[in-house]
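Asker: The structure's right below; bear with me while I get my questions together.
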Amino acid sequence: MISRLPVTIVRACLRDGRGGSPTAVLDETALSDAERRRVPVLAGTSHAVFVTRRGPAVSLRFFTAEGELPACGHGTVAALAFLAERAGGTEYRGALRAAGREFAGRAIREDALFQASFTSAPVELRDPTAAECGLVLPALGVTPDRSAPGVRVASVGRARLLVPVATRSALMALAPDSGRLGAVCDRLGFLGCYVYSVPARSGRIAARMFAPSIGVPEDIANANSTACLAADLAGRGATAITAITVDMGDSLGAPATITASARGGSGVRLGGAAEIVGVDVVRLP
């Protein structure tokens, strides 16, 4: 028996109406986890979001080809656009649930786009060990001449390494060994590595997210890692930056932008523009 599933494709975290991360969004249905992992592959996206609209909060589950994620920032932006389109009107507000927590989400319709925002889970930060840096940085291709101080381990559910580099050109020149990086991240329990250029005082930053361990060699847009970076930068005393705008996806030909504003201990406010591309049908044998 073949299951025919209608899947809404949403481009999340657009930059000036272009690019963004194509994300599959669909209503919850009776599928095994193995079948859920096939949905983003068949839809041609890196992630799929399953939406359950029952009770006061809308529940979200996120999958890549490798398995379920506890949270996904750009997937949440895509889900908010999906929910706003279904609700009609110019503004959608609702309670969302993922990874055992409930949080508020909002999407405002602006012509063909939706401006979505939500608050991340609280961010946990720590300094990496010398062994962690010694394993990860060579796999990334971050050499001493490209590096900058301030490497951190950060988590909003799963740990990842935040790695600053000196310039945007150094960031764009990176060509990680994906197999080696995936093995190192698996060994250390990291979701992946978020590499970013040293921020300007304006808060404009470029970043790239490498996550081969979850089947995503490079992510077009990664909002949760951006939340981690915003929390880290906001805690730096006299040099603190509390609001950032992060450009991603340029190396993949899919420009994306995410905004993040630190909110003390209550998480980080994340935002991104989204566009609903259309509805596809995927067939699961």
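Please note that chains go A, B, ... in the order of the structure tokens, that every chain numbers its residues from 1, and that ligands are numbered from 1 in the order shown.
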Write out as a VMD selection string all residues of segment 24-77 of chain A that backbone DSSP assigns to helix (DSSP H, G or I).

Answerer: chain A and resid 33 to 43 73 to 77

Asker: Quick one: residues within 8 Å of segment 157-173 of chain A, only C-alpha atoms, excluding same-chain residues fewer than 4 positions away - as a list in words?

Answerer: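 Neighbouring residues, sequence-local ones excluded: Pro70, Ala71, Ala99, Ala121, Val142, Arg146, Ser147, Ala148, Pro149, Gly150, Val151, Arg152, Val153, Gly189, Phe190, Leu191, Gly192, Cys193, Tyr194, Val195, Tyr196, Ser197, Val198, Ala206, Ala207, Arg208, Ser225, Leu229 and Ser251 of chain A.
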
Asker: Just the residues within 12 Å of Arg201 of chain A, please, counting only C-alpha atoms, with nothing from its chain fewer than 5 positions along; format it as a list of chain:residue names.

Answerer: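 The filter keeps A:Leu233, A:Ala238, A:Thr239, A:Ala240, A:Ile241, A:Thr242, A:Ala243, A:Ile244, A:Thr245.
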
Asker: Measuring atom to atom with only C-alpha atoms, identify which of A:Ala230, A:Ile205, A:Val282, A:Leu125 is nearest to Ala262 of chain A.

Answerer: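 When distances to Ala262 of chain A are compared using only C-alpha atoms, the smallest one comes from A:Ala230.
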
Asker: Excluding segment 34-36 of chain A and its own-chain neighbours fewer than 4 positions away, which residues fall within 9 Å of it when counting only C-alpha atoms? Please give them as a count of residues only.

Answerer: 9

Asker: Could the residues of segment 92-133 of chain A that have an atom at most 12 Å from segment 214-224 of chain A be listed as a tab-separated table, each with its closest atom pair and the distance in Å to one decimal, counting only C-alpha atoms and ordered by chain and ascending residue number?

Answerer:
```
residue	atom	partner	partner_atom	distance
A:Ala116	CA	A:Ala223	CA	11.9
A:Ser117	CA	A:Ala223	CA	10.6
A:Phe118	CA	A:Ala223	CA	10.5
A:Thr119	CA	A:Asn224	CA	10.0
A:Ser120	CA	A:Asn224	CA	7.1
A:Ala121	CA	A:Asn224	CA	8.8
A:Pro122	CA	A:Asn224	CA	10.5
A:Val123	CA	A:Asn224	CA	9.3
A:Glu124	CA	A:Asn224	CA	11.9
```

Asker: Compare A:Ala107, A:Leu188, A:Leu270, A:Ala231 by their minimum atom-to-atom distance to Ala81 of chain A, counting only C-alpha atoms, and give me the closest one.

Answerer: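 Looking only at the distances to Ala81 of chain A, the closest residue turns out to be A:Ala107.
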
Asker: At a cut-off of 12 Å, using only C-alpha atoms, what residues contact Leu83 of chain A? Leave out same-chain residues fewer than 3 positions from it and give the result as a PyMOL selection string.

Answerer: chain A and resi 8+10+25-27+49-53+57-60+76-80+86-96+105-109+114+116+274+276

Asker: Taking the chain letters and numbering used in this document, name the residues of segment 91-208 of chain A that DSSP puts in strand (DSSP E), as a VMD selection string.

Answerer: chain A and resid 91 to 98 101 to 110 113 to 119 124 to 126 152 to 155 159 to 165 193 to 197 204 to 208

Asker: Quick one: write out the picked residues with C-alpha atoms as a short mmCIF file (atom, residue, chain, number, x, y, z; two decimals), in the first residue's frame?

Answerer:
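What landed in out.cif:
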```cif
data_model
loop_
_atom_site.label_atom_id
_atom_site.label_comp_id
_atom_site.auth_asym_id
_atom_site.auth_seq_id
_atom_site.Cartn_x
_atom_site.Cartn_y
_atom_site.Cartn_z
CA GLU A 91 -1.83 37.99 11.99
CA TYR A 92 -1.54 34.63 13.69
CA ARG A 93 -0.71 34.14 17.36
CA GLY A 94 -0.63 30.79 19.08
CA ALA A 95 0.96 28.54 21.65
CA LEU A 96 3.43 25.97 20.32
CA ARG A 97 4.83 22.86 21.98
CA ALA A 98 8.09 21.09 21.18
CA ARG A 101 8.09 23.05 26.49
CA GLU A 102 5.34 25.46 25.50
CA PHE A 103 6.11 28.83 23.94
CA ALA A 104 4.38 31.62 22.03
CA GLY A 105 4.66 32.07 18.29
CA ARG A 106 3.53 34.82 15.95
CA ALA A 107 3.32 35.34 12.18
CA ILE A 108 2.28 38.53 10.38
CA ARG A 109 1.24 38.38 6.73
CA GLU A 110 2.99 40.93 4.49
CA LEU A 113 5.39 36.64 2.92
CA PHE A 114 4.98 35.89 6.61
CA GLN A 115 7.16 37.51 9.26
CA ALA A 116 7.41 34.85 11.95
CA SER A 117 8.89 35.04 15.43
CA PHE A 118 9.09 32.94 18.59
CA THR A 119 11.16 32.60 21.76
CA GLU A 124 23.17 26.74 28.04
CA LEU A 125 26.79 27.79 27.42
CA ARG A 126 30.19 26.50 28.47
CA ARG A 152 31.88 27.96 22.95
CA VAL A 153 29.74 24.89 23.45
CA ALA A 154 26.06 25.89 23.40
CA SER A 155 22.76 24.04 23.71
CA ALA A 159 24.98 20.73 22.13
CA ARG A 160 26.77 22.32 19.23
CA LEU A 161 30.09 24.16 18.90
CA LEU A 162 30.10 27.91 18.15
CA VAL A 163 33.31 28.76 16.28
CA PRO A 164 34.30 32.35 15.42
CA VAL A 165 36.59 33.11 12.48
CA CYS A 193 29.33 23.24 14.31
CA TYR A 194 28.14 26.81 13.76
CA VAL A 195 30.98 28.90 12.35
CA TYR A 196 30.55 32.66 12.25
CA SER A 197 32.44 35.82 11.34
CA ARG A 204 25.56 41.96 11.37
CA ILE A 205 27.18 38.54 11.11
CA ALA A 206 27.72 35.82 8.53
CA ALA A 207 27.51 32.17 9.57
CA ARG A 208 27.60 28.60 8.27
#
```

Asker: Pick out the closest residue to Ala12 of chain A from this set: A:Gly267, A:Gly55, A:Pro138, A:Gly73. Count only C-alpha atoms.

Answerer: A:Gly73

Asker: Taking into account only C-alpha atoms, which residue in the set A:Glu66, A:Asp33, A:Ala256, A:Gly44 is nearest to Gly19 of chain A?

Answerer: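 Distance minimum relative to Gly19 of chain A lands on A:Ala256.
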
Asker: Might you pull out every residue within 7 Å of Arg11 of chain A, with only C-alpha atoms counted and same-chain residues fewer than 4 positions away left off, and present them as a count of residues only?

Answerer: 8
